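Below is the file start_29.cif, which contains mmCIF, C-alpha atoms.
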```cif
data_run
#
loop_
_atom_site.group_PDB
_atom_site.id
_atom_site.type_symbol
_atom_site.label_atom_id
_atom_site.label_comp_id
_atom_site.auth_asym_id
_atom_site.auth_seq_id
_atom_site.Cartn_x
_atom_site.Cartn_y
_atom_site.Cartn_z
ATOM 1 C CA MET A 1 0.000 0.000 0.000
ATOM 2 C CA TYR A 2 2.765 2.379 1.045
ATOM 3 C CA LYS A 3 4.817 1.357 -1.989
ATOM 4 C CA GLU A 4 1.907 1.982 -4.320
ATOM 5 C CA ALA A 5 1.328 5.396 -2.798
ATOM 6 C CA GLU A 6 5.009 6.211 -3.245
ATOM 7 C CA VAL A 7 4.983 5.123 -6.877
ATOM 8 C CA GLU A 8 1.915 7.278 -7.426
ATOM 9 C CA LEU A 9 3.605 10.221 -5.748
ATOM 10 C CA LEU A 10 6.735 9.804 -7.882
ATOM 11 C CA ASN A 11 4.584 9.656 -11.007
ATOM 12 C CA LYS A 12 3.030 12.956 -9.991
ATOM 13 C CA VAL A 13 6.469 14.439 -9.338
ATOM 14 C CA ARG A 14 7.674 13.366 -12.798
ATOM 15 C CA GLN A 15 4.498 14.592 -14.412
ATOM 16 C CA GLY A 16 4.700 17.970 -12.673
ATOM 17 C CA LEU A 17 8.321 18.509 -13.632
ATOM 18 C CA THR A 18 7.760 17.413 -17.225
ATOM 19 C CA GLU A 19 4.801 19.779 -17.500
ATOM 20 C CA GLN A 20 7.058 22.616 -16.382
ATOM 21 C CA CYS A 21 9.381 21.732 -19.276
ATOM 22 C CA ASP A 22 6.513 21.640 -21.756
ATOM 23 C CA GLU A 23 5.132 24.962 -20.594
ATOM 24 C CA LEU A 24 8.304 27.019 -20.817
ATOM 25 C CA PRO A 25 7.621 30.360 -22.516
ATOM 26 C CA ASP A 26 8.930 31.011 -26.027
ATOM 27 C CA VAL A 27 11.305 33.665 -24.793
ATOM 28 C CA THR A 28 13.040 31.140 -22.520
ATOM 29 C CA LEU A 29 13.210 28.557 -25.293
ATOM 30 C CA ARG A 30 14.799 31.116 -27.599
ATOM 31 C CA LYS A 31 17.357 31.992 -24.940
ATOM 32 C CA LEU A 32 18.181 28.295 -24.499
ATOM 33 C CA ASP A 33 18.642 28.010 -28.286
ATOM 34 C CA VAL A 34 21.066 30.918 -28.296
ATOM 35 C CA MET A 35 22.957 29.534 -25.300
ATOM 36 C CA ARG A 36 23.309 26.154 -26.958
ATOM 37 C CA SER A 37 24.672 27.719 -30.143
ATOM 38 C CA ASN A 38 27.073 29.870 -28.150
ATOM 39 C CA ALA A 39 28.340 26.865 -26.223
ATOM 40 C CA LEU A 40 28.889 24.870 -29.413
ATOM 41 C CA ASN A 41 30.610 27.805 -31.151
ATOM 42 C CA ALA A 42 32.905 28.367 -28.208
ATOM 43 C CA SER A 43 34.018 24.752 -28.217
ATOM 44 C CA ALA A 44 37.685 25.468 -28.896
ATOM 45 C CA PRO A 45 39.591 23.922 -25.985
ATOM 46 C CA LYS A 46 40.942 26.355 -23.443
ATOM 47 C CA GLN A 47 44.675 26.876 -23.531
ATOM 48 C CA ARG A 48 46.261 25.292 -20.550
ATOM 49 C CA PHE A 49 47.774 27.604 -17.991
ATOM 50 C CA LEU A 50 51.467 27.985 -18.775
ATOM 51 C CA GLY A 51 51.920 31.469 -17.370
ATOM 52 C CA GLN A 52 55.042 32.840 -15.759
ATOM 53 C CA GLY A 53 55.719 31.598 -12.268
ATOM 54 C CA LEU A 54 58.203 32.795 -9.698
ATOM 55 C CA LEU A 55 60.960 35.116 -11.023
ATOM 56 C CA GLY A 56 59.880 34.612 -14.599
ATOM 57 C CA ILE A 57 60.335 30.838 -14.518
ATOM 58 C CA PRO A 58 57.382 29.175 -16.261
ATOM 59 C CA PHE A 59 54.904 27.650 -13.839
ATOM 60 C CA VAL A 60 55.020 24.035 -14.989
ATOM 61 C CA PRO A 61 58.833 23.547 -14.899
ATOM 62 C CA LEU A 62 58.938 25.426 -11.607
ATOM 63 C CA SER A 63 56.319 23.186 -9.990
ATOM 64 C CA ALA A 64 58.011 20.087 -11.440
ATOM 65 C CA ALA A 65 61.359 21.143 -9.972
ATOM 66 C CA LEU A 66 59.769 21.882 -6.599
ATOM 67 C CA SER A 67 57.945 18.544 -6.596
ATOM 68 C CA ALA A 68 61.146 16.715 -7.485
ATOM 69 C CA GLY A 69 62.887 18.507 -4.615
ATOM 70 C CA VAL A 70 60.136 17.532 -2.167
ATOM 71 C CA LEU A 71 60.285 13.957 -3.403
ATOM 72 C CA GLY A 72 64.078 13.885 -2.980
ATOM 73 C CA VAL A 73 63.842 15.153 0.595
ATOM 74 C CA ALA A 74 61.083 12.636 1.317
ATOM 75 C CA LEU A 75 63.244 9.824 -0.033
ATOM 76 C CA LEU A 76 66.158 10.878 2.177
ATOM 77 C CA MET A 77 63.951 11.213 5.254
ATOM 78 C CA THR A 78 62.188 7.901 4.777
ATOM 79 C CA GLN A 79 65.203 5.693 4.093
ATOM 80 C CA GLY A 80 64.858 2.570 6.205
ATOM 81 C CA SER A 81 61.243 3.293 7.126
ATOM 82 C CA ASP A 82 58.138 1.344 6.084
ATOM 83 C CA ILE A 83 56.570 4.142 3.989
ATOM 84 C CA ASP A 84 55.473 2.988 0.528
ATOM 85 C CA ILE A 85 57.665 5.064 -1.800
ATOM 86 C CA GLU A 86 55.977 3.655 -4.910
ATOM 87 C CA LYS A 87 52.622 5.055 -3.793
ATOM 88 C CA MET A 88 54.213 8.443 -3.133
ATOM 89 C CA VAL A 89 55.742 8.462 -6.595
ATOM 90 C CA SER A 90 52.374 7.681 -8.095
ATOM 91 C CA ASP A 91 50.803 10.616 -6.191
ATOM 92 C CA GLU A 92 53.641 12.802 -7.441
ATOM 93 C CA ASP A 93 52.835 11.757 -10.992
ATOM 94 C CA VAL A 94 49.285 12.941 -10.531
ATOM 95 C CA LEU A 95 50.319 16.216 -8.927
ATOM 96 C CA MET A 96 52.964 16.959 -11.571
ATOM 97 C CA SER A 97 50.723 16.125 -14.502
ATOM 98 C CA ASN A 98 49.337 18.939 -16.601
ATOM 99 C CA GLU A 99 45.728 18.340 -15.525
ATOM 100 C CA ASP A 100 43.887 21.096 -13.736
ATOM 101 C CA MET A 101 42.475 20.838 -10.234
ATOM 102 C CA GLU A 102 38.967 20.259 -11.506
ATOM 103 C CA PHE A 103 40.061 17.105 -13.241
ATOM 104 C CA LEU A 104 41.641 15.874 -10.033
ATOM 105 C CA GLU A 105 38.509 16.736 -8.053
ATOM 106 C CA ASN A 106 36.398 14.750 -10.509
ATOM 107 C CA LEU A 107 38.790 11.812 -10.697
ATOM 108 C CA GLU A 108 36.419 9.588 -8.783
ATOM 109 C CA LEU A 109 33.576 10.379 -11.187
ATOM 110 C CA TYR A 110 35.774 9.493 -14.181
ATOM 111 C CA GLU A 111 36.766 6.199 -12.582
ATOM 112 C CA TRP A 112 33.109 5.451 -12.094
ATOM 113 C CA LEU A 113 32.232 6.457 -15.676
ATOM 114 C CA ASP A 114 35.047 4.251 -16.913
ATOM 115 C CA ALA A 115 33.816 1.302 -14.868
ATOM 116 C CA GLU A 116 30.192 1.923 -15.871
ATOM 117 C CA TYR A 117 30.508 2.747 -19.564
ATOM 118 C CA GLY A 118 34.133 2.071 -20.458
ATOM 119 C CA MET B 1 26.442 17.346 -29.010
ATOM 120 C CA ASP B 2 23.833 19.767 -30.396
ATOM 121 C CA HIS B 3 21.215 17.033 -30.278
ATOM 122 C CA PHE B 4 22.224 16.022 -26.752
ATOM 123 C CA LEU B 5 22.054 19.587 -25.423
ATOM 124 C CA LYS B 6 18.711 20.138 -27.101
ATOM 125 C CA ARG B 7 17.409 17.049 -25.358
ATOM 126 C CA VAL B 8 18.561 18.054 -21.862
ATOM 127 C CA GLU B 9 18.396 21.852 -21.837
ATOM 128 C CA ARG B 10 14.761 22.222 -20.753
ATOM 129 C CA ARG B 11 15.105 19.768 -17.921
ATOM 130 C CA ALA B 12 18.328 21.445 -16.849
ATOM 131 C CA PHE B 13 16.638 24.832 -16.859
ATOM 132 C CA VAL B 14 13.662 23.601 -14.825
ATOM 133 C CA THR B 15 16.012 21.902 -12.347
ATOM 134 C CA ALA B 16 18.072 25.073 -11.929
ATOM 135 C CA ARG B 17 14.982 27.281 -11.690
ATOM 136 C CA ILE B 18 13.505 25.132 -8.937
ATOM 137 C CA ALA B 19 16.753 25.406 -6.981
ATOM 138 C CA THR B 20 17.353 29.121 -7.512
ATOM 139 C CA LYS B 21 13.722 30.235 -7.764
ATOM 140 C CA ASP B 22 14.961 32.684 -10.403
ATOM 141 C CA GLY B 23 14.722 32.225 -14.172
ATOM 142 C CA GLU B 24 17.690 34.443 -15.032
ATOM 143 C CA GLU B 25 19.972 32.768 -12.503
ATOM 144 C CA ALA B 26 18.832 29.400 -13.852
ATOM 145 C CA LEU B 27 19.704 30.433 -17.419
ATOM 146 C CA ASP B 28 23.180 31.507 -16.285
ATOM 147 C CA ILE B 29 23.737 28.166 -14.577
ATOM 148 C CA VAL B 30 22.577 26.174 -17.601
ATOM 149 C CA GLN B 31 24.758 28.270 -19.896
ATOM 150 C CA ASP B 32 27.831 27.641 -17.725
ATOM 151 C CA ALA B 33 27.062 23.922 -17.613
ATOM 152 C CA MET B 34 26.658 23.718 -21.403
ATOM 153 C CA LEU B 35 29.876 25.616 -22.017
ATOM 154 C CA LYS B 36 31.823 23.465 -19.639
ATOM 155 C CA LEU B 37 30.499 20.218 -21.047
ATOM 156 C CA VAL B 38 31.317 21.252 -24.616
ATOM 157 C CA GLN B 39 34.719 22.733 -23.860
ATOM 158 C CA LYS B 40 36.026 20.169 -21.420
ATOM 159 C CA TYR B 41 34.233 16.934 -22.085
ATOM 160 C CA GLY B 42 33.108 17.166 -25.710
ATOM 161 C CA ASP B 43 35.655 14.534 -26.659
ATOM 162 C CA ARG B 44 34.333 12.022 -24.117
ATOM 163 C CA PRO B 45 32.066 9.201 -25.356
ATOM 164 C CA GLU B 46 28.452 10.260 -25.845
ATOM 165 C CA SER B 47 27.258 7.661 -23.346
ATOM 166 C CA GLU B 48 29.021 9.647 -20.597
ATOM 167 C CA TRP B 49 27.584 13.061 -21.446
ATOM 168 C CA GLY B 50 24.391 12.651 -19.414
ATOM 169 C CA ALA B 51 26.151 11.874 -16.140
ATOM 170 C CA LEU B 52 28.843 14.480 -16.814
ATOM 171 C CA PHE B 53 26.321 17.192 -17.671
ATOM 172 C CA ASN B 54 24.241 16.482 -14.589
ATOM 173 C CA SER B 55 27.347 16.417 -12.457
ATOM 174 C CA ILE B 56 28.390 19.846 -13.788
ATOM 175 C CA LEU B 57 24.865 21.252 -13.508
ATOM 176 C CA HIS B 58 24.334 20.149 -9.911
ATOM 177 C CA SER B 59 27.792 21.299 -8.959
ATOM 178 C CA LYS B 60 27.034 24.758 -10.427
ATOM 179 C CA ILE B 61 23.708 24.841 -8.569
ATOM 180 C CA HIS B 62 25.476 23.888 -5.355
ATOM 181 C CA ASP B 63 28.081 26.633 -5.898
ATOM 182 C CA TRP B 64 25.318 29.170 -6.577
ATOM 183 C CA TYR B 65 23.526 28.091 -3.412
ATOM 184 C CA ARG B 66 26.662 28.488 -1.289
ATOM 185 C CA ARG B 67 27.365 31.941 -2.739
ATOM 186 C CA SER B 68 23.796 33.078 -2.205
ATOM 187 C CA THR B 69 23.835 31.755 1.360
ATOM 188 C CA VAL B 70 26.874 33.915 2.106
ATOM 189 C CA ARG B 71 25.276 36.931 0.387
ATOM 190 C CA ASN B 72 22.047 36.448 2.331
ATOM 191 C CA ARG B 73 23.956 36.188 5.596
ATOM 192 C CA TRP B 74 25.365 39.663 4.949
ATOM 193 C CA ARG B 75 21.969 40.970 3.891
ATOM 194 C CA VAL B 76 20.432 39.711 7.121
ATOM 195 C CA PHE B 77 23.319 41.274 9.041
ATOM 196 C CA PHE B 78 22.612 44.648 7.441
ATOM 197 C CA GLY B 79 18.827 44.108 7.480
ATOM 198 C CA LEU B 80 18.592 44.402 3.678
ATOM 199 C CA ASN B 81 16.693 42.322 1.176
ATOM 200 C CA SER B 82 17.851 41.689 -2.402
ATOM 201 C CA ASP B 83 16.531 45.091 -3.517
ATOM 202 C CA GLY B 84 18.460 46.874 -0.822
ATOM 203 C CA ARG B 85 15.276 47.562 1.154
ATOM 204 C CA THR B 86 14.908 46.721 4.824
ATOM 205 C CA ASP B 87 12.619 43.840 5.752
ATOM 206 C CA SER B 88 10.220 43.772 8.615
ATOM 207 C CA PRO B 89 11.112 41.061 11.172
ATOM 208 C CA ASP B 90 8.034 39.062 10.131
ATOM 209 C CA GLU B 91 9.309 38.775 6.568
ATOM 210 C CA ARG B 92 12.531 37.138 7.765
ATOM 211 C CA VAL B 93 10.771 34.186 9.380
ATOM 212 C CA PRO B 94 11.047 31.122 7.132
ATOM 213 C CA GLN B 95 7.818 29.518 5.999
ATOM 214 C CA THR B 96 7.100 26.547 8.210
ATOM 215 C CA GLN B 97 3.331 26.307 7.801
ATOM 216 C CA PHE B 98 1.780 25.235 4.537
ATOM 217 C CA PRO B 99 -1.824 25.730 3.487
ATOM 218 C CA GLU B 100 -4.087 22.837 4.317
ATOM 219 C CA PRO B 101 -4.759 20.826 1.155
ATOM 220 C CA ASP B 102 -8.230 20.689 -0.235
ATOM 221 C CA HIS B 103 -9.299 17.087 -0.748
ATOM 222 C CA GLN B 104 -11.175 17.925 -3.885
ATOM 223 C CA MET B 105 -8.473 19.960 -5.608
ATOM 224 C CA SER B 106 -8.046 19.357 -9.285
ATOM 225 C CA SER B 107 -5.083 17.519 -10.712
ATOM 226 C CA ASP B 108 -3.691 20.790 -12.090
ATOM 227 C CA LEU B 109 -3.709 22.401 -8.684
ATOM 228 C CA LEU B 110 -2.139 19.326 -7.159
ATOM 229 C CA GLY B 111 0.669 19.493 -9.724
ATOM 230 C CA GLU B 112 1.160 23.167 -8.988
ATOM 231 C CA HIS B 113 1.218 22.561 -5.260
ATOM 232 C CA LEU B 114 3.622 19.665 -5.700
ATOM 233 C CA ASN B 115 5.972 21.852 -7.732
ATOM 234 C CA ASP B 116 5.876 24.475 -4.983
ATOM 235 C CA LEU B 117 6.658 21.852 -2.365
ATOM 236 C CA ILE B 118 9.620 20.537 -4.363
ATOM 237 C CA ALA B 119 10.927 24.099 -4.639
ATOM 238 C CA GLN B 120 10.683 24.463 -0.855
ATOM 239 C CA LEU B 121 12.730 21.344 -0.132
ATOM 240 C CA PRO B 122 16.324 21.845 1.037
ATOM 241 C CA LEU B 123 18.711 21.844 -1.937
ATOM 242 C CA ARG B 124 20.250 18.418 -1.389
ATOM 243 C CA GLN B 125 16.816 16.801 -0.993
ATOM 244 C CA GLN B 126 15.675 18.514 -4.180
ATOM 245 C CA GLN B 127 18.737 17.260 -6.049
ATOM 246 C CA ALA B 128 18.365 13.697 -4.803
ATOM 247 C CA LEU B 129 14.672 13.665 -5.683
ATOM 248 C CA ILE B 130 15.154 15.107 -9.176
ATOM 249 C CA LEU B 131 18.105 12.883 -10.042
ATOM 250 C CA ARG B 132 16.430 9.721 -8.760
ATOM 251 C CA ALA B 133 12.788 10.281 -9.638
ATOM 252 C CA TRP B 134 13.029 12.397 -12.781
ATOM 253 C CA GLU B 135 16.392 11.697 -14.351
ATOM 254 C CA GLY B 136 16.195 8.025 -13.406
ATOM 255 C CA TYR B 137 19.666 7.601 -11.907
ATOM 256 C CA ASN B 138 20.154 4.870 -9.329
ATOM 257 C CA ILE B 139 21.541 5.516 -5.853
ATOM 258 C CA ALA B 140 25.187 4.907 -6.805
ATOM 259 C CA GLN B 141 24.963 7.122 -9.890
ATOM 260 C CA THR B 142 23.202 9.874 -7.942
ATOM 261 C CA ALA B 143 25.898 9.729 -5.256
ATOM 262 C CA LYS B 144 28.617 10.201 -7.879
ATOM 263 C CA ILE B 145 26.800 13.105 -9.497
ATOM 264 C CA MET B 146 26.090 14.801 -6.154
ATOM 265 C CA LYS B 147 29.618 13.996 -4.946
ATOM 266 C CA CYS B 148 28.396 12.486 -1.685
ATOM 267 C CA SER B 149 27.986 9.016 -0.189
ATOM 268 C CA GLU B 150 25.235 6.589 -1.162
ATOM 269 C CA GLY B 151 23.983 6.767 2.420
ATOM 270 C CA SER B 152 23.543 10.529 2.108
ATOM 271 C CA VAL B 153 21.579 10.107 -1.115
ATOM 272 C CA LYS B 154 19.274 7.596 0.568
ATOM 273 C CA THR B 155 18.742 9.974 3.489
ATOM 274 C CA HIS B 156 18.089 13.053 1.316
ATOM 275 C CA TYR B 157 15.775 11.121 -0.970
ATOM 276 C CA SER B 158 13.742 9.489 1.766
ATOM 277 C CA ARG B 159 13.407 12.790 3.637
ATOM 278 C CA ALA B 160 12.178 14.461 0.451
ATOM 279 C CA ILE B 161 9.597 11.738 -0.124
ATOM 280 C CA HIS B 162 8.543 11.894 3.521
ATOM 281 C CA VAL B 163 8.031 15.677 3.396
ATOM 282 C CA LEU B 164 6.063 15.489 0.155
ATOM 283 C CA ARG B 165 3.851 12.716 1.474
ATOM 284 C CA GLU B 166 3.282 14.605 4.699
ATOM 285 C CA LYS B 167 2.400 17.872 2.967
ATOM 286 C CA LEU B 168 0.224 16.157 0.389
ATOM 287 C CA GLY B 169 -1.434 13.952 2.962
ATOM 288 C CA GLY B 170 -4.870 15.338 2.219
ATOM 289 C CA TYR B 171 -4.574 15.074 -1.536
ATOM 290 C CA ASP B 172 -5.823 12.105 -3.418
ATOM 291 C CA VAL B 173 -2.359 11.042 -4.695
#
```
Since I need it in another form, could you write the structure as structure tokens?
Amino acid sequence: MYKEAEVELLNKVRQGLTEQCDELPDVTLRKLDVMRSNALNASAPKQRFLGQGLLGIPFVPLSAALSAGVLGVALLMTQGSDIDIEKMVSDEDVLMSNEDMEFLENLELYEWLDAEYG
Amino acid sequence: MDHFLKRVERRAFVTARIATKDGEEALDIVQDAMLKLVQKYGDRPESEWGALFNSILHSKIHDWYRRSTVRNRWRVFFGLNSDGRTDSPDERVPQTQFPEPDHQMSSDLLGEHLNDLIAQLPLRQQQALILRAWEGYNIAQTAKIMKCSEGSVKTHYSRAIHVLREKLGGYDV
């Protein structure tokens, strides 16, 4: 009984939301058309950030050098300990790659997409 | 991509408008989501676009919500509303009482009332309800799109259903 009522409620929810879509005014539909065209026309990929870093040294080589330095110090400090250096190196690879932070934030979603659709 | 966007744009707009309660803000959010999908993920397989687009859209809505919460906090601090006018204390009290439903209300009115109730749900409950009930994603997919745990999705979704059932108790649903 409860299940049936819930299914009925969800049907009403879907119906209500779909009706809102169907009843959108022409002016909104025209704006959506324009936005879609604009998005498709602006599809050229953004240039990756390669701006100047500290003292005129480009950002990417600078961050790579700094990361290598940190990794070197970590290796020296962890000699003889049980820390998994291979895992650290793999994290370094991710951090030093050219991907932006958003990609890293969404990494879990991509892994899921890959598992689901890949 | 054109065909895909055409297929999802209305639903995206309605979703964003429910969350923001503002058509112009909703258009901005949908535009940002479209741009981002095309620019960043256009080269991904088409089968992934739906989940990616919804993930971007709900993330943009969430960002908008956080920004507006901060803005509103300052407005309350200065006693201003969005037009820069001062509110009376009564106007600041959130709506906690809803009109009693009329048992004999027509289906149209029920739909209207239901839409209002969905708009009044907290954002995360709204998102869970729309993604699960309207977009048809399962719990795991919804959790990925909302960037939260499956347990949270279950909680948000069941709370949303509970509130709707409670508020619509008198309707013949």
Give me, as a tab-separated table, each residue of chain B that comes within 8 Å of chain A, together with its shortest interatomic pair and the distance in Å at one decimal, counting only C-alpha atoms, with rows ordered by chain and rising residue number.
```
residue	atom	partner	partner_atom	distance
B:Met1	CA	A:Leu40	CA	7.9
B:Asp2	CA	A:Leu40	CA	7.3
B:Leu5	CA	A:Arg36	CA	6.9
B:Lys6	CA	A:Arg36	CA	7.6
B:Glu9	CA	A:Leu32	CA	7.0
B:Arg10	CA	A:Cys21	CA	5.6
B:Arg11	CA	A:Cys21	CA	6.2
B:Val14	CA	A:Cys21	CA	6.5
B:Leu27	CA	A:Leu32	CA	7.6
B:Gln31	CA	A:Met35	CA	5.8
B:Met34	CA	A:Ala39	CA	6.0
B:Leu35	CA	A:Ala39	CA	4.6
B:Val38	CA	A:Ser43	CA	5.7
B:Gln39	CA	A:Ser43	CA	4.9
B:Lys40	CA	A:Pro45	CA	6.9
B:Ser47	CA	A:Tyr117	CA	7.0
B:Glu48	CA	A:Leu113	CA	6.7
B:Gly111	CA	A:Gly16	CA	5.2
B:Glu112	CA	A:Gly16	CA	7.3
B:Leu114	CA	A:Val13	CA	7.0
B:Asn115	CA	A:Gly16	CA	6.4
B:Ala133	CA	A:Leu10	CA	6.3
B:Trp134	CA	A:Arg14	CA	5.4
B:Lys144	CA	A:Leu109	CA	6.0
B:Ile145	CA	A:Leu109	CA	7.5
B:Ile161	CA	A:Glu6	CA	7.8
B:Arg165	CA	A:Leu9	CA	7.6
B:Val173	CA	A:Leu9	CA	6.1
```
Quiz item: Smallest atom-to-atom distance to Ala115 in chain A: which of B:Gln141, B:Ser149, B:Thr69, B:Gln127, using only C-alpha atoms?
Solution: B:Gln141
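Across the structure, CA of Arg7 in chain B and CA of Lys147 in chain B are spaced 24.0 Å apart.
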Quiz prompt | Resolved residues for the PyMOL selection byres ((chain B and resi 116-118) around 9) as a PyMOL selection string | solution = (chain A and resi 13) or (chain B and resi 18+111-115+119-122+125-126+129+160+163-164+167)
Quiz item: What residues come out when you apply the PyMOL selection byres ((chain B and resi 143) around 10) to this file, written as a PyMOL selection string?
Solution: (chain A and resi 109) or (chain B and resi 55+128+131+137-142+144-154)
Quiz item: Mind pulling up the distance from CA of His156 in chain B to CA of Leu168 in chain B?
Solution: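 Computed distance, CA of Leu168 in chain B to CA of His156 in chain B, equals 18.2 Å.
The coordinates place CA of Leu57 in chain B at 7.1 Å from CA of Ile29 in chain B.
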